[in-house]
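This report concerns only the one structure given below.
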Amino acid sequence: SVVLSIVQDTLGFMWFGTQDGLNRYDGRAFRTFNQVEGDPTSLSDTWVCSLALDAQGDLWAGTRQGGANRYDARKGTFIRYQHQEDVAGSLSDNNVHALFSDAQGRLWLGTNAGLDLFDPNTQTFSHYQLPDEDEFSVHAIAQDPQGMLWLGTPHALWRFDPAGSAFTSFTPDEKSFPVNAILAHPDGSLWLTGVGSGLLHFIPSSAEFTQYLEKEGVSENTQGLWLDPSGSIWVG
C-alpha cells in the first residue's frame with residue numbers, strides 16, 4: 001500500500017499512514033489498524049493522510065474522509081474528531097491533509113476548509129480561513145524559528161501569524177503553484193515540494209524563490225522532504 005505519512009512515537013514505535021490503514025512497527029512485526037464498521041473506537045477511515053504527535057506524546061492520524069483520530073495507547077483504541085454541521089467547535093472538515101505540533105505545543109490541522117487549532121482543554125477546534133476565496137484547502141504546515149506558521153495549498157505558499165491571525169500569500173512571479181510539503185530549515189529559509197512544482201527554495205526576508213526542475217536533476221512531481229542529521233535534504 002502507498003505510504004503517505006511516517007512518525008515515530010515516544011516509545012520507539014514506527015507508525016505508517018497508508019491508503020489501506022494505519023500500520024505500527026515494533027522492530028519485529030507490523031500491526032495494522034483499520035476502520036471497523038459499527039465500532040466507534042476504531043480508526044474512522046482506512047485512508048490515513050497525515051500523522052503527528054501532540055504535546056502529550058499522543059499519536060494523531062488525519063484521514064481522507066473520516067476526520068482526525070487520537071490514539072489511546074493504554075486502551076488500544078481511537079478517539080474520533082469529526083465535522084458536525086451544527087457544532088461550531090467541531091472539526092472544520094473531515095478531510096485532514098496535514099497535522100502539525102508546533103514549538104509551543106499547539107496542534108494544528110490542515111483540512112479542506114482551512115486551518116484548525118485544537119484546544120485540549122475544551123476538546124474543540126478554532127477555525128482560520130484563508131482570505132482568498134479560491135484558497136480553502138491546507139495541505140502542509142511548518143513553523144519557522146520566529147514562530148510563524150507556513151501553509152501549503154493547491155495554489156500558493158501562505159504565512160500565518162498566530163498572534164495576529166494574519167495571512168500573507170507568496171508565489172513565484174505571481175504564478176499559481178501547488179505546495180504539498182514544507183521543510184523549515186534552521187537557517188530560516190523554506191524548502192517546498194508539489195506536483196508539477198519540482199523543488200523550490202524560498203527566502204522569507206526577500207520573498208525570493210529558486211526553483212529546481214528536471215534539468216537540475218529533480219522530478220517535477222515531488223511529494224516529501226526530510227532533513228537528515230548531517231544537514232542533507234532528501235526529496236521524495
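Residue numbering restarts at 1 in every chain; chains get A, B, ... in the order shown in the C-alpha cells, and ligands count up from 1 in that same order.
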
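By only C-alpha atoms, and with residues fewer than 4 positions from Cys49 (chain A) along its chain excluded, the set lying at most 6 Å from it is Leu4, Gly62, Thr63 and His97 of chain A.
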
Original post:
Please, which residues of chain A, numbered as in this document, come out strand (DSSP E) from DSSP, as a VMD selection string?
Top reply: chain A and resid 3 to 8 14 to 18 21 to 25 30 to 33 48 to 53 59 to 63 68 to 72 77 to 81 96 to 101 107 to 111 114 to 119 124 to 128 140 to 143 149 to 152 157 to 161 166 to 170 181 to 184 190 to 194 198 to 203 208 to 212 225 to 227 233 to 235

Original post:
Could you name the residues that touch Leu227 (chain A) at 12 Å or less, counting only C-alpha atoms, but leaving out those on the same chain fewer than 3 positions away, as a ChimeraX atom specification?
Top reply: /A:182-186,190-191,224,230-236

Could the residues in this selection be saved with N, CA, C and O atoms as a CSV table (one decimal), in the first residue's frame?
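Resulting contents of again.csv:
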```
chain,number,residue,atom,x,y,z
A,182,ILE,N,6.4,21.2,3.2
A,182,ILE,CA,7.3,22.3,3.6
A,182,ILE,C,8.3,21.9,4.6
A,182,ILE,O,8.0,21.2,5.6
A,183,LEU,N,9.5,22.2,4.3
A,183,LEU,CA,10.6,22.0,5.3
A,183,LEU,C,11.2,23.3,5.7
A,183,LEU,O,11.7,24.1,4.9
A,184,ALA,N,11.0,23.6,7.0
A,184,ALA,CA,11.5,24.8,7.6
A,184,ALA,C,13.0,24.6,8.0
A,184,ALA,O,13.2,23.8,9.0
A,185,HIS,N,13.9,25.1,7.3
A,185,HIS,CA,15.3,24.9,7.5
A,185,HIS,C,15.8,25.7,8.7
A,185,HIS,O,15.3,26.8,8.9
A,186,PRO,N,16.8,25.2,9.5
A,186,PRO,CA,17.3,26.0,10.6
A,186,PRO,C,17.9,27.4,10.2
A,186,PRO,O,18.0,28.3,11.1
A,190,LEU,N,12.9,28.2,3.6
A,190,LEU,CA,12.0,27.1,3.4
A,190,LEU,C,12.2,26.4,2.1
A,190,LEU,O,12.6,26.9,1.1
A,191,TRP,N,12.0,25.0,2.2
A,191,TRP,CA,12.1,24.2,1.0
A,191,TRP,C,10.7,23.7,0.8
A,191,TRP,O,10.0,23.2,1.7
A,224,GLY,N,7.6,14.9,-0.9
A,224,GLY,CA,8.0,14.9,0.5
A,224,GLY,C,9.4,15.4,0.7
A,224,GLY,O,10.2,15.4,-0.3
A,230,SER,N,22.9,15.1,9.2
A,230,SER,CA,24.1,15.7,8.6
A,230,SER,C,23.8,17.0,7.9
A,230,SER,O,24.7,17.7,7.5
A,231,GLY,N,22.5,17.3,7.8
A,231,GLY,CA,22.1,18.6,7.1
A,231,GLY,C,21.7,18.4,5.7
A,231,GLY,O,21.4,19.4,5.0
A,232,SER,N,21.7,17.2,5.2
A,232,SER,CA,21.3,16.9,3.8
A,232,SER,C,19.8,16.9,3.7
A,232,SER,O,19.1,16.4,4.6
A,233,ILE,N,19.3,17.4,2.6
A,233,ILE,CA,17.9,17.4,2.3
A,233,ILE,C,17.5,16.3,1.3
A,233,ILE,O,18.1,16.2,0.3
A,234,TRP,N,16.6,15.5,1.7
A,234,TRP,CA,16.1,14.4,0.9
A,234,TRP,C,14.7,14.8,0.3
A,234,TRP,O,13.9,15.3,1.0
A,235,VAL,N,14.6,14.5,-1.0
A,235,VAL,CA,13.3,14.9,-1.7
A,235,VAL,C,12.7,13.6,-2.2
A,235,VAL,O,13.3,12.8,-2.9
A,236,GLY,N,11.4,13.4,-2.0
A,236,GLY,CA,10.7,12.3,-2.5
A,236,GLY,C,9.7,12.7,-3.5
A,236,GLY,O,9.1,13.7,-3.5
```

Subject >> Pick from A:Pro229, A:Gly67, A:Gly76, A:Pro120, whichever lies nearest to Asn94 (chain A) using only C-alpha atoms >> reply: A:Gly67

Original post:
In Å, with one decimal, what is the gap from CA of Arg64 (chain A) to CA of Gly12 (chain A)?
Top reply: 26.1 Å

Subject >> Spatial neighbours of Ser90 (chain A), 8 Å, only C-alpha atoms, chain gap at least 5 places, as an MDAnalysis selection string >> reply: chainID A and resid 81:84 124:125

Give me a file of those residues, with N, CA and C atoms, as a short mmCIF file (atom, residue, chain, number, x, y, z; two decimals), in the first residue's frame.
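Final output, saved to part_38.cif:
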```cif
data_model
loop_
_atom_site.label_atom_id
_atom_site.label_comp_id
_atom_site.auth_asym_id
_atom_site.auth_seq_id
_atom_site.Cartn_x
_atom_site.Cartn_y
_atom_site.Cartn_z
N TYR A 81 -12.49 12.74 16.03
CA TYR A 81 -12.86 14.15 15.97
C TYR A 81 -13.32 14.42 14.54
N GLN A 82 -14.62 14.75 14.40
CA GLN A 82 -15.19 14.89 13.07
C GLN A 82 -16.03 16.16 12.96
N HIS A 83 -16.25 16.56 11.72
CA HIS A 83 -17.08 17.74 11.46
C HIS A 83 -18.54 17.42 11.77
N GLN A 84 -19.17 18.35 12.50
CA GLN A 84 -20.60 18.27 12.77
C GLN A 84 -21.23 19.59 12.32
N THR A 124 -12.20 21.17 21.54
CA THR A 124 -12.84 21.82 20.40
C THR A 124 -11.78 22.44 19.49
N PHE A 125 -12.24 22.94 18.35
CA PHE A 125 -11.34 23.49 17.34
C PHE A 125 -11.70 24.95 17.04
#
```

Original post:
For Glu220 (chain A), which residue among A:Thr193, A:Asn180, A:Thr32, A:Ser126 is the nearest when counting only C-alpha atoms?
Top reply: A:Thr193
